[in-house]
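Structure data (PDB, C-alpha atoms, pLDDT in the B column) from query-v1.pdb:
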ATOM      1  CA  MET A   1     158.726 140.463 122.045  1.00 61.00           C
ATOM      2  CA  LYS A   2     155.620 142.329 123.207  1.00 58.00           C
ATOM      3  CA  ARG A   3     153.960 141.652 119.856  1.00 62.00           C
ATOM      4  CA  LYS A   4     154.688 137.954 120.208  1.00 64.00           C
ATOM      5  CA  ILE A   5     153.241 137.885 123.728  1.00 64.00           C
ATOM      6  CA  ARG A   6     150.169 139.741 122.452  1.00 64.00           C
ATOM      7  CA  HIS A   7     149.668 137.109 119.712  1.00 61.00           C
ATOM      8  CA  ILE A   8     149.959 134.323 122.269  1.00 61.00           C
ATOM      9  CA  ILE A   9     147.422 135.990 124.565  1.00 61.00           C
ATOM     10  CA  LEU A  10     144.983 136.520 121.668  1.00 59.00           C
ATOM     11  CA  TRP A  11     145.449 132.903 120.608  1.00 59.00           C
ATOM     12  CA  ILE A  12     144.748 131.670 124.149  1.00 62.00           C
ATOM     13  CA  LEU A  13     141.677 133.904 124.407  1.00 54.00           C
ATOM     14  CA  GLY A  14     140.387 132.669 121.042  1.00 59.00           C
ATOM     15  CA  LEU A  15     140.921 129.049 122.023  1.00 56.00           C
ATOM     16  CA  GLY A  16     139.235 129.693 125.357  1.00 55.00           C
ATOM     17  CA  SER A  17     136.264 131.246 123.594  1.00 56.00           C
ATOM     18  CA  VAL A  18     135.914 128.209 121.348  1.00 53.00           C
ATOM     19  CA  VAL A  19     136.150 125.817 124.311  1.00 49.00           C
ATOM     20  CA  LEU A  20     133.619 127.908 126.248  1.00 45.00           C
ATOM     21  CA  LEU A  21     131.227 127.991 123.301  1.00 50.00           C
ATOM     22  CA  PHE A  22     131.556 124.225 122.845  1.00 49.00           C
ATOM     23  CA  TRP A  23     130.897 123.680 126.543  1.00 43.00           C
ATOM     24  CA  LEU A  24     127.834 125.942 126.482  1.00 37.00           C
ATOM     25  CA  VAL A  25     126.427 124.085 123.481  1.00 46.00           C
ATOM     26  CA  ARG A  26     126.996 120.731 125.186  1.00 50.00           C
ATOM     27  CA  PHE A  27     125.424 122.045 128.382  1.00 38.00           C
ATOM     28  CA  ALA A  28     122.381 123.366 126.526  1.00 43.00           C
ATOM     29  CA  GLU A  29     122.010 120.053 124.693  1.00 43.00           C
ATOM     30  CA  ARG A  30     122.175 118.095 127.966  1.00 50.00           C
ATOM     31  CA  GLN A  31     119.575 120.404 129.451  1.00 49.00           C
ATOM     32  CA  ARG A  32     117.353 119.953 126.412  1.00 46.00           C
ATOM     33  CA  LEU A  33     117.627 116.165 126.475  1.00 50.00           C
ATOM     34  CA  SER A  34     116.942 115.958 130.199  1.00 57.00           C
ATOM     35  CA  ALA A  35     113.819 118.120 129.942  1.00 78.00           C
ATOM     36  CA  ALA A  36     110.487 116.349 130.383  1.00 82.00           C
ATOM     37  CA  CYS A  37     108.491 115.885 127.194  1.00 85.00           C
ATOM     38  CA  ALA A  38     105.868 118.642 127.266  1.00 86.00           C
ATOM     39  CA  GLY A  39     103.277 116.669 125.321  1.00 88.00           C
ATOM     40  CA  TYR A  40     102.690 116.135 121.640  1.00 93.00           C
ATOM     41  CA  GLU A  41     100.740 117.386 118.657  1.00 94.00           C
ATOM     42  CA  ILE A  42      99.672 115.184 115.742  1.00 95.00           C
ATOM     43  CA  ARG A  43      98.637 116.779 112.463  1.00 95.00           C
ATOM     44  CA  VAL A  44      97.300 114.655 109.627  1.00 95.00           C
ATOM     45  CA  GLY A  45      97.459 116.289 106.220  1.00 93.00           C
ATOM     46  CA  ARG A  46      94.904 115.223 103.636  1.00 88.00           C
ATOM     47  CA  GLU A  47      93.499 116.528 100.383  1.00 85.00           C
ATOM     48  CA  GLY A  48      90.447 114.313  99.902  1.00 82.00           C
ATOM     49  CA  SER A  49      88.608 111.700 101.946  1.00 82.00           C
ATOM     50  CA  VAL A  50      89.352 111.104 105.615  1.00 85.00           C
ATOM     51  CA  TYR A  51      91.369 107.906 105.558  1.00 89.00           C
ATOM     52  CA  LEU A  52      93.580 108.466 108.573  1.00 89.00           C
ATOM     53  CA  GLN A  53      92.994 110.239 111.879  1.00 92.00           C
ATOM     54  CA  GLU A  54      95.113 111.303 114.821  1.00 94.00           C
ATOM     55  CA  ARG A  55      93.879 108.479 117.029  1.00 94.00           C
ATOM     56  CA  ASP A  56      95.067 105.947 114.444  1.00 94.00           C
ATOM     57  CA  VAL A  57      98.585 107.374 114.640  1.00 94.00           C
ATOM     58  CA  GLU A  58      98.480 107.141 118.442  1.00 94.00           C
ATOM     59  CA  GLN A  59      97.349 103.511 118.356  1.00 93.00           C
ATOM     60  CA  TRP A  60     100.010 102.444 115.842  1.00 92.00           C
ATOM     61  CA  LEU A  61     102.798 104.080 117.816  1.00 93.00           C
ATOM     62  CA  ASP A  62     101.569 102.663 121.140  1.00 92.00           C
ATOM     63  CA  LYS A  63     102.127  99.178 119.712  1.00 92.00           C
ATOM     64  CA  SER A  64     105.554  99.828 118.232  1.00 87.00           C
ATOM     65  CA  VAL A  65     107.751 102.414 119.920  1.00 89.00           C
ATOM     66  CA  ARG A  66     108.119 104.681 122.933  1.00 85.00           C
ATOM     67  CA  TRP A  67     106.898 108.048 121.762  1.00 85.00           C
ATOM     68  CA  ASN A  68     105.125 109.784 124.633  1.00 84.00           C
ATOM     69  CA  GLY A  69     106.109 110.578 128.210  1.00 79.00           C
ATOM     70  CA  GLY A  70     109.519 110.663 129.911  1.00 83.00           C
ATOM     71  CA  THR A  71     112.267 113.019 128.843  1.00 87.00           C
ATOM     72  CA  VAL A  72     113.308 114.229 125.414  1.00 80.00           C
ATOM     73  CA  ARG A  73     116.256 111.808 125.587  1.00 88.00           C
ATOM     74  CA  ASP A  74     113.844 108.866 125.935  1.00 88.00           C
ATOM     75  CA  ILE A  75     112.148 109.606 122.600  1.00 91.00           C
ATOM     76  CA  ASN A  76     113.746 109.020 119.195  1.00 92.00           C
ATOM     77  CA  PRO A  77     112.050 111.108 116.464  1.00 93.00           C
ATOM     78  CA  SER A  78     113.926 109.270 113.672  1.00 93.00           C
ATOM     79  CA  LEU A  79     112.667 105.915 114.925  1.00 94.00           C
ATOM     80  CA  ILE A  80     109.103 107.238 115.138  1.00 95.00           C
ATOM     81  CA  GLU A  81     109.369 108.509 111.553  1.00 95.00           C
ATOM     82  CA  HIS A  82     110.575 105.084 110.445  1.00 94.00           C
ATOM     83  CA  VAL A  83     107.615 103.376 112.128  1.00 95.00           C
ATOM     84  CA  LEU A  84     105.155 105.773 110.494  1.00 95.00           C
ATOM     85  CA  ASP A  85     106.770 105.513 107.055  1.00 94.00           C
ATOM     86  CA  ASP A  86     106.325 101.734 107.221  1.00 94.00           C
ATOM     87  CA  ASN A  87     102.577 102.128 107.650  1.00 94.00           C
ATOM     88  CA  PRO A  88     100.715 101.484 104.366  1.00 95.00           C
ATOM     89  CA  TYR A  89      98.354 104.422 104.920  1.00 95.00           C
ATOM     90  CA  VAL A  90     101.110 107.006 105.435  1.00 96.00           C
ATOM     91  CA  ARG A  91     102.658 108.861 102.500  1.00 95.00           C
ATOM     92  CA  GLU A  92     105.140 110.925 104.478  1.00 95.00           C
ATOM     93  CA  ALA A  93     105.953 111.664 108.123  1.00 96.00           C
ATOM     94  CA  GLN A  94     108.083 114.268 109.883  1.00 96.00           C
ATOM     95  CA  VAL A  95     108.697 114.025 113.647  1.00 96.00           C
ATOM     96  CA  TYR A  96     110.599 116.635 115.664  1.00 95.00           C
ATOM     97  CA  PHE A  97     110.848 118.452 118.990  1.00 93.00           C
ATOM     98  CA  THR A  98     110.368 122.195 119.257  1.00 91.00           C
ATOM     99  CA  ALA A  99     112.261 124.407 121.704  1.00 87.00           C
ATOM    100  CA  ASP A 100     109.534 123.974 124.326  1.00 90.00           C
ATOM    101  CA  ALA A 101     110.179 120.178 124.426  1.00 91.00           C
ATOM    102  CA  ARG A 102     106.914 119.449 122.653  1.00 92.00           C
ATOM    103  CA  LEU A 103     106.851 116.573 120.176  1.00 94.00           C
ATOM    104  CA  HIS A 104     105.320 117.293 116.765  1.00 95.00           C
ATOM    105  CA  LEU A 105     104.194 114.563 114.369  1.00 96.00           C
ATOM    106  CA  ASP A 106     103.281 115.828 110.908  1.00 97.00           C
ATOM    107  CA  VAL A 107     101.753 112.972 108.932  1.00 96.00           C
ATOM    108  CA  ARG A 108     100.444 113.050 105.383  1.00 96.00           C
ATOM    109  CA  GLN A 109      98.012 110.298 104.468  1.00 95.00           C
ATOM    110  CA  ARG A 110      97.959 108.480 101.152  1.00 95.00           C
ATOM    111  CA  GLU A 111      94.916 109.552  99.167  1.00 94.00           C
ATOM    112  CA  PRO A 112      92.518 106.853  97.868  1.00 95.00           C
ATOM    113  CA  PHE A 113      91.889 107.524  94.168  1.00 96.00           C
ATOM    114  CA  LEU A 114      89.995 104.525  92.771  1.00 97.00           C
ATOM    115  CA  ARG A 115      88.493 101.410  94.353  1.00 97.00           C
ATOM    116  CA  VAL A 116      89.476  98.193  92.575  1.00 97.00           C
ATOM    117  CA  TYR A 117      87.985  94.694  92.802  1.00 97.00           C
ATOM    118  CA  ALA A 118      90.307  92.090  91.318  1.00 93.00           C
ATOM    119  CA  PRO A 119      88.484  90.183  92.867  1.00 89.00           C
ATOM    120  CA  ASP A 120      89.672  91.220  96.354  1.00 91.00           C
ATOM    121  CA  PRO A 121      89.202  94.958  96.997  1.00 95.00           C
ATOM    122  CA  PHE A 122      91.972  97.503  97.302  1.00 97.00           C
ATOM    123  CA  TYR A 123      92.475 101.129  96.348  1.00 97.00           C
ATOM    124  CA  LEU A 124      94.833 102.839  93.967  1.00 97.00           C
ATOM    125  CA  ASP A 125      96.266 105.966  95.559  1.00 96.00           C
ATOM    126  CA  GLU A 126      97.021 109.307  93.899  1.00 95.00           C
ATOM    127  CA  ASP A 127     100.260 107.857  92.499  1.00 96.00           C
ATOM    128  CA  GLY A 128      98.595 104.760  91.071  1.00 97.00           C
ATOM    129  CA  LEU A 129     100.018 102.471  93.777  1.00 96.00           C
ATOM    130  CA  ARG A 130      98.073  99.851  95.693  1.00 97.00           C
ATOM    131  CA  LEU A 131      96.563 101.027  98.954  1.00 96.00           C
ATOM    132  CA  PRO A 132      94.943  98.561 101.388  1.00 95.00           C
ATOM    133  CA  VAL A 133      91.301  99.130 102.253  1.00 94.00           C
ATOM    134  CA  ASN A 134      90.804 100.759 105.644  1.00 91.00           C
ATOM    135  CA  ALA A 135      87.398  99.436 106.723  1.00 88.00           C
ATOM    136  CA  ALA A 136      87.090 102.156 109.377  1.00 90.00           C
ATOM    137  CA  TYR A 137      86.901 104.911 106.739  1.00 91.00           C
ATOM    138  CA  PRO A 138      84.880 103.982 103.649  1.00 89.00           C
ATOM    139  CA  CYS A 139      85.459 106.253 100.658  1.00 90.00           C
ATOM    140  CA  ARG A 140      82.960 107.141  97.969  1.00 91.00           C
ATOM    141  CA  LEU A 141      84.955 106.610  94.800  1.00 95.00           C
ATOM    142  CA  ARG A 142      84.454 105.210  91.348  1.00 96.00           C
ATOM    143  CA  VAL A 143      84.741 101.428  91.217  1.00 97.00           C
ATOM    144  CA  CYS A 144      86.825  99.357  88.822  1.00 98.00           C
ATOM    145  CA  THR A 145      86.312  95.604  88.403  1.00 97.00           C
ATOM    146  CA  ILE A 146      89.058  93.521  86.804  1.00 97.00           C
ATOM    147  CA  GLU A 147      88.743  90.013  85.430  1.00 96.00           C
ATOM    148  CA  GLY A 148      91.860  87.933  85.943  1.00 94.00           C
ATOM    149  CA  LYS A 149      95.102  89.129  87.493  1.00 94.00           C
ATOM    150  CA  ALA A 150      95.593  92.749  88.442  1.00 95.00           C
ATOM    151  CA  THR A 151      99.055  93.112  86.936  1.00 96.00           C
ATOM    152  CA  GLU A 152     100.981  96.347  87.200  1.00 96.00           C
ATOM    153  CA  GLU A 153     100.469  96.994  83.486  1.00 97.00           C
ATOM    154  CA  ARG A 154      96.703  96.586  83.772  1.00 97.00           C
ATOM    155  CA  LEU A 155      96.553  98.763  86.881  1.00 98.00           C
ATOM    156  CA  ALA A 156      98.570 101.466  85.112  1.00 98.00           C
ATOM    157  CA  GLN A 157      95.975 101.520  82.311  1.00 98.00           C
ATOM    158  CA  VAL A 158      93.089 101.615  84.790  1.00 98.00           C
ATOM    159  CA  PHE A 159      94.748 104.479  86.655  1.00 98.00           C
ATOM    160  CA  ALA A 160      95.341 106.425  83.431  1.00 98.00           C
ATOM    161  CA  LEU A 161      91.711 105.946  82.377  1.00 98.00           C
ATOM    162  CA  GLU A 162      90.463 107.175  85.741  1.00 98.00           C
ATOM    163  CA  LYS A 163      92.562 110.329  85.387  1.00 98.00           C
ATOM    164  CA  MET A 164      91.054 110.926  81.939  1.00 98.00           C
ATOM    165  CA  LEU A 165      87.538 110.562  83.315  1.00 97.00           C
ATOM    166  CA  ARG A 166      88.266 113.018  86.110  1.00 97.00           C
ATOM    167  CA  ARG A 167      89.582 115.630  83.709  1.00 96.00           C
ATOM    168  CA  ASP A 168      86.186 115.860  81.970  1.00 95.00           C
ATOM    169  CA  SER A 169      83.342 117.152  84.145  1.00 94.00           C
ATOM    170  CA  LEU A 170      80.668 115.286  82.160  1.00 93.00           C
ATOM    171  CA  LEU A 171      82.451 111.941  82.238  1.00 94.00           C
ATOM    172  CA  ASP A 172      83.424 112.338  85.873  1.00 96.00           C
ATOM    173  CA  ALA A 173      79.805 112.930  86.876  1.00 94.00           C
ATOM    174  CA  MET A 174      78.329 110.352  84.517  1.00 92.00           C
ATOM    175  CA  ILE A 175      80.485 107.223  84.833  1.00 95.00           C
ATOM    176  CA  ASP A 176      79.847 104.962  87.800  1.00 95.00           C
ATOM    177  CA  GLN A 177      82.087 101.985  87.070  1.00 97.00           C
ATOM    178  CA  ILE A 178      85.057 100.854  84.974  1.00 98.00           C
ATOM    179  CA  HIS A 179      85.342  97.214  83.919  1.00 97.00           C
ATOM    180  CA  LEU A 180      88.390  95.492  82.395  1.00 98.00           C
ATOM    181  CA  ASP A 181      87.793  92.004  81.013  1.00 96.00           C
ATOM    182  CA  ARG A 182      90.157  89.139  80.272  1.00 95.00           C
ATOM    183  CA  ARG A 183      90.589  90.287  76.667  1.00 95.00           C
ATOM    184  CA  GLN A 184      92.098  93.558  77.895  1.00 96.00           C
ATOM    185  CA  GLU A 185      89.014  95.492  76.782  1.00 97.00           C
ATOM    186  CA  PHE A 186      87.429  98.273  78.805  1.00 98.00           C
ATOM    187  CA  GLU A 187      83.763  98.910  79.437  1.00 97.00           C
ATOM    188  CA  LEU A 188      82.130 101.823  81.246  1.00 96.00           C
ATOM    189  CA  ILE A 189      78.849 101.709  83.147  1.00 94.00           C
ATOM    190  CA  PRO A 190      77.053 105.069  83.538  1.00 91.00           C
ATOM    191  CA  LYS A 191      75.005 106.275  86.484  1.00 87.00           C
ATOM    192  CA  VAL A 192      72.126 107.375  84.234  1.00 77.00           C
ATOM    193  CA  GLY A 193      70.717 104.967  81.683  1.00 71.00           C
ATOM    194  CA  ARG A 194      71.310 101.250  81.446  1.00 73.00           C
ATOM    195  CA  GLN A 195      73.599 101.161  78.428  1.00 80.00           C
ATOM    196  CA  ARG A 196      77.074  99.675  78.469  1.00 89.00           C
ATOM    197  CA  ILE A 197      79.851 101.664  76.868  1.00 93.00           C
ATOM    198  CA  ARG A 198      82.469  99.510  75.153  1.00 95.00           C
ATOM    199  CA  LEU A 199      85.854 101.134  74.673  1.00 96.00           C
ATOM    200  CA  GLY A 200      87.924  98.173  73.544  1.00 95.00           C
ATOM    201  CA  THR A 201      91.638  98.096  74.375  1.00 96.00           C
ATOM    202  CA  PHE A 202      93.490 101.049  75.838  1.00 97.00           C
ATOM    203  CA  ASP A 203      94.840 102.341  72.527  1.00 95.00           C
ATOM    204  CA  ARG A 204      93.368 105.673  71.313  1.00 95.00           C
ATOM    205  CA  MET A 205      91.565 105.999  74.639  1.00 96.00           C
ATOM    206  CA  GLU A 206      91.470 109.802  74.661  1.00 95.00           C
ATOM    207  CA  GLU A 207      90.003 109.838  71.150  1.00 94.00           C
ATOM    208  CA  LYS A 208      87.323 107.331  72.159  1.00 95.00           C
ATOM    209  CA  LEU A 209      86.350 109.325  75.215  1.00 95.00           C
ATOM    210  CA  ALA A 210      86.171 112.530  73.165  1.00 93.00           C
ATOM    211  CA  ASN A 211      83.797 110.792  70.722  1.00 90.00           C
ATOM    212  CA  MET A 212      81.682 109.575  73.595  1.00 89.00           C
ATOM    213  CA  VAL A 213      81.413 113.071  75.083  1.00 90.00           C
ATOM    214  CA  LEU A 214      80.380 114.423  71.674  1.00 87.00           C
ATOM    215  CA  PHE A 215      77.688 111.752  71.355  1.00 84.00           C
ATOM    216  CA  TYR A 216      76.325 112.395  74.853  1.00 81.00           C
ATOM    217  CA  ARG A 217      76.211 116.144  74.368  1.00 82.00           C
ATOM    218  CA  ARG A 218      74.628 116.129  70.900  1.00 78.00           C
ATOM    219  CA  GLY A 219      72.980 112.806  70.183  1.00 67.00           C
ATOM    220  CA  MET A 220      71.772 111.465  73.510  1.00 67.00           C
ATOM    221  CA  PRO A 221      69.499 114.412  74.506  1.00 59.00           C
ATOM    222  CA  GLN A 222      67.529 113.945  71.275  1.00 61.00           C
ATOM    223  CA  SER A 223      67.210 110.164  71.389  1.00 62.00           C
ATOM    224  CA  GLY A 224      66.867 109.732  75.172  1.00 61.00           C
ATOM    225  CA  TRP A 225      69.023 107.992  77.736  1.00 61.00           C
ATOM    226  CA  GLU A 226      67.124 104.698  77.611  1.00 68.00           C
ATOM    227  CA  ARG A 227      67.065 104.194  73.841  1.00 74.00           C
ATOM    228  CA  TYR A 228      70.391 102.352  73.491  1.00 76.00           C
ATOM    229  CA  ALA A 229      71.593  99.178  75.188  1.00 80.00           C
ATOM    230  CA  VAL A 230      75.202  99.371  73.973  1.00 87.00           C
ATOM    231  CA  LEU A 231      77.496 102.134  72.764  1.00 88.00           C
ATOM    232  CA  ASP A 232      80.558 100.694  71.023  1.00 92.00           C
ATOM    233  CA  LEU A 233      83.513 103.056  70.499  1.00 91.00           C
ATOM    234  CA  LYS A 234      86.141 100.469  69.590  1.00 89.00           C
ATOM    235  CA  TYR A 235      86.235 101.422  65.937  1.00 86.00           C
ATOM    236  CA  ARG A 236      88.147 104.421  64.696  1.00 85.00           C
ATOM    237  CA  GLY A 237      86.055 107.457  63.797  1.00 76.00           C
ATOM    238  CA  GLN A 238      82.621 105.997  64.600  1.00 79.00           C
ATOM    239  CA  ILE A 239      80.227 105.013  67.338  1.00 78.00           C
ATOM    240  CA  VAL A 240      78.095 101.890  66.964  1.00 81.00           C
ATOM    241  CA  ALA A 241      74.879 102.278  68.974  1.00 74.00           C
ATOM    242  CA  VAL A 242      72.746  99.194  69.600  1.00 77.00           C
ATOM    243  CA  ARG A 243      69.082  99.875  70.370  1.00 77.00           C
ATOM    244  CA  ARG A 244      67.165  98.034  73.047  1.00 70.00           C
TER     245      ARG A 244
END
Let me see the structure of the file written as structure tokens.
Amino acid sequence: MKRKIRHIILWILGLGSVVLLFWLVRFAERQRLSAACAGYEIRVGREGSVYLQERDVEQWLDKSVRWNGGTVRDINPSLIEHVLDDNPYVREAQVYFTADARLHLDVRQREPFLRVYAPDPFYLDEDGLRLPVNAAYPCRLRVCTIEGKATEERLAQVFALEKMLRRDSLLDAMIDQIHLDRRQEFELIPKVGRQRIRLGTFDRMEEKLANMVLFYRRGMPQSGWERYAVLDLKYRGQIVAVRR
């Protein structure tokens, strides 16, 4: 009998402890939600050009959602994240309160990678996706001009070519512009010299660029940068150079 009573008492104490713990958690949560927002901190993560600043985040949120002032209960971090994720310049956003009732907004901008005119300007970002031009923050990037429609297939080829150019220090420093014509043929325009570099279609592009690098490193220093008007790399295993 005593053992049974002891079990009942232990059970009641255990249940009471659970109820007390639940009540304390609810009380702490109510206290947290009723606390005044202690301010905010916005951090914009970027790897390249400045394309987004803290004041831009403030202005966007001011137009869309309550995010500053009042109590913690008045502010919905999930809703703020949703608003930021819908912005075309934002790659990722995380919004949360810390224990001191301070709101933190960690925003990562999308990185402009290549400026495209087709004919209206836009950027491709680091994932090869379209990124609207932000006139407030011009970026110094290589330019690509496209004749006709900028289809996803054509943009994928342009993006791949830009990555190839960036991987080679000589090409990255030398090439000023990429051009894609209506026949699906690429042309490069260098910063030094007035020659046009014809690459043809996208097939064998890495081979063509390797041949061009070889020509610039070995042949061009001897003949001079201004000697040729056209360098044609469309044909397998050869470079056709047209003099001025």
I need the output of the PyMOL selection byres ((chain A and resi 64-76) around 10) for this file as a PDB file with C-alpha atoms, in the coordinates of the input; which residues are they?
ATOM      1  CA  ARG A  30     122.175 118.095 127.966  1.00 50.00           C
ATOM      2  CA  GLN A  31     119.575 120.404 129.451  1.00 49.00           C
ATOM      3  CA  ARG A  32     117.353 119.953 126.412  1.00 46.00           C
ATOM      4  CA  LEU A  33     117.627 116.165 126.475  1.00 50.00           C
ATOM      5  CA  SER A  34     116.942 115.958 130.199  1.00 57.00           C
ATOM      6  CA  ALA A  35     113.819 118.120 129.942  1.00 78.00           C
ATOM      7  CA  ALA A  36     110.487 116.349 130.383  1.00 82.00           C
ATOM      8  CA  CYS A  37     108.491 115.885 127.194  1.00 85.00           C
ATOM      9  CA  ALA A  38     105.868 118.642 127.266  1.00 86.00           C
ATOM     10  CA  GLY A  39     103.277 116.669 125.321  1.00 88.00           C
ATOM     11  CA  TYR A  40     102.690 116.135 121.640  1.00 93.00           C
ATOM     12  CA  GLU A  58      98.480 107.141 118.442  1.00 94.00           C
ATOM     13  CA  GLN A  59      97.349 103.511 118.356  1.00 93.00           C
ATOM     14  CA  TRP A  60     100.010 102.444 115.842  1.00 92.00           C
ATOM     15  CA  LEU A  61     102.798 104.080 117.816  1.00 93.00           C
ATOM     16  CA  ASP A  62     101.569 102.663 121.140  1.00 92.00           C
ATOM     17  CA  LYS A  63     102.127  99.178 119.712  1.00 92.00           C
ATOM     18  CA  PRO A  77     112.050 111.108 116.464  1.00 93.00           C
ATOM     19  CA  SER A  78     113.926 109.270 113.672  1.00 93.00           C
ATOM     20  CA  LEU A  79     112.667 105.915 114.925  1.00 94.00           C
ATOM     21  CA  ILE A  80     109.103 107.238 115.138  1.00 95.00           C
ATOM     22  CA  GLU A  81     109.369 108.509 111.553  1.00 95.00           C
ATOM     23  CA  VAL A  83     107.615 103.376 112.128  1.00 95.00           C
ATOM     24  CA  LEU A  84     105.155 105.773 110.494  1.00 95.00           C
ATOM     25  CA  VAL A  95     108.697 114.025 113.647  1.00 96.00           C
ATOM     26  CA  TYR A  96     110.599 116.635 115.664  1.00 95.00           C
ATOM     27  CA  PHE A  97     110.848 118.452 118.990  1.00 93.00           C
ATOM     28  CA  ALA A 101     110.179 120.178 124.426  1.00 91.00           C
ATOM     29  CA  ARG A 102     106.914 119.449 122.653  1.00 92.00           C
ATOM     30  CA  LEU A 103     106.851 116.573 120.176  1.00 94.00           C
TER      31      LEU A 103
END
Can you tell me, as a PyMOL selection string, what residues are no more than 7 Å from range 126-143 of chain A when counting only C-alpha atoms, ignoring any on the same chain fewer than 6 positions away? chain A and resi 49-51+88+111-116+156+159+176-178
Who sits within 7 Å of range 195-202 of chain A, only C-alpha atoms, same chain under 4 positions skipped, as a PyMOL selection string: chain A and resi 157+184-189+208+228-234
Take the point (86.1, 88.9, 94.8) as written in the file and pick out every residue within 12 Å of it, counting all atoms listed in the file; give the list as a VMD selection string. chain A and resid 116 to 122 145 to 149
Between CA of Tyr235 in chain A and CA of Ala173 in chain A - distance in Å to one decimal: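 It comes out at 24.7 Å.
Counting from CA of Val240 in chain A, the distance to CA of Leu155 in chain A is 27.3 Å.
Separating CA of Val213 in chain A from CA of Leu171 in chain A is a distance of 7.3 Å.
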Given 6 Å of margin on each side, can you work out the centre and size in Å (one decimal) of an axis-aligned box holding every listed atom of range 103-112 of chain A, as lines of an AutoDock Vina configuration file?
center_x = 99.7
center_y = 112.1
center_z = 109.0
size_x = 26.3
size_y = 22.4
size_z = 34.3
Restricting the calculation to only C-alpha atoms, which member of A:Thr151, A:Asp106, A:Arg183, A:Leu209 is positioned closest to Met164 in chain A?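 Selected residue with least distance to Met164 in chain A: A:Leu209.
Here the question is which of A:Glu47, A:Asp86, A:Asp56, A:Asp168 gets nearest to Asp125 in chain A using all atoms listed in the file, and that residue is A:Glu47.
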Nearest to Asp181 in chain A: which of A:Cys144, A:Gln53, A:Lys163, A:Phe215 is it, counting all atoms listed in the file?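 Among the listed residues, A:Cys144 lies closest to Asp181 in chain A.
When all atoms listed in the file are used to measure the gap to Leu170 in chain A, the shortest distance among A:Arg236, A:Arg91, A:Lys191, A:Arg182 belongs to A:Lys191.
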Arg227 in chain A: which residues within 9 Å, counting all atoms listed in the file, same-chain residues fewer than 6 positions away excluded, as a ChimeraX atom specification? /A:193,195,220,242-244
Since the input lacks some atoms of range 180-191 of chain A, please model N, CA and C atoms and print them as a CSV table (one decimal), in the frame of the given file.
chain,number,residue,atom,x,y,z
A,180,LEU,N,87.3,96.0,83.3
A,180,LEU,CA,88.4,95.5,82.4
A,180,LEU,C,88.3,94.0,82.3
A,181,ASP,N,88.0,93.4,81.1
A,181,ASP,CA,87.8,92.0,81.0
A,181,ASP,C,89.1,91.3,80.7
A,182,ARG,N,89.0,90.0,80.5
A,182,ARG,CA,90.2,89.1,80.3
A,182,ARG,C,90.8,89.4,78.9
A,183,ARG,N,90.1,90.0,78.0
A,183,ARG,CA,90.6,90.3,76.7
A,183,ARG,C,91.3,91.6,76.6
A,184,GLN,N,91.5,92.3,77.8
A,184,GLN,CA,92.1,93.6,77.9
A,184,GLN,C,91.2,94.7,77.3
A,185,GLU,N,89.9,94.5,77.3
A,185,GLU,CA,89.0,95.5,76.8
A,185,GLU,C,88.2,96.2,77.9
A,186,PHE,N,88.1,97.5,77.8
A,186,PHE,CA,87.4,98.3,78.8
A,186,PHE,C,86.0,98.5,78.5
A,187,GLU,N,85.2,98.6,79.6
A,187,GLU,CA,83.8,98.9,79.4
A,187,GLU,C,83.4,99.9,80.6
A,188,LEU,N,82.6,100.8,80.2
A,188,LEU,CA,82.1,101.8,81.2
A,188,LEU,C,80.6,101.6,81.5
A,189,ILE,N,80.3,101.8,82.8
A,189,ILE,CA,78.8,101.7,83.1
A,189,ILE,C,78.4,103.1,83.7
A,190,PRO,N,77.5,103.7,83.1
A,190,PRO,CA,77.1,105.1,83.5
A,190,PRO,C,76.1,105.0,84.7
A,191,LYS,N,76.0,106.2,85.4
A,191,LYS,CA,75.0,106.3,86.5
A,191,LYS,C,73.6,106.4,86.0
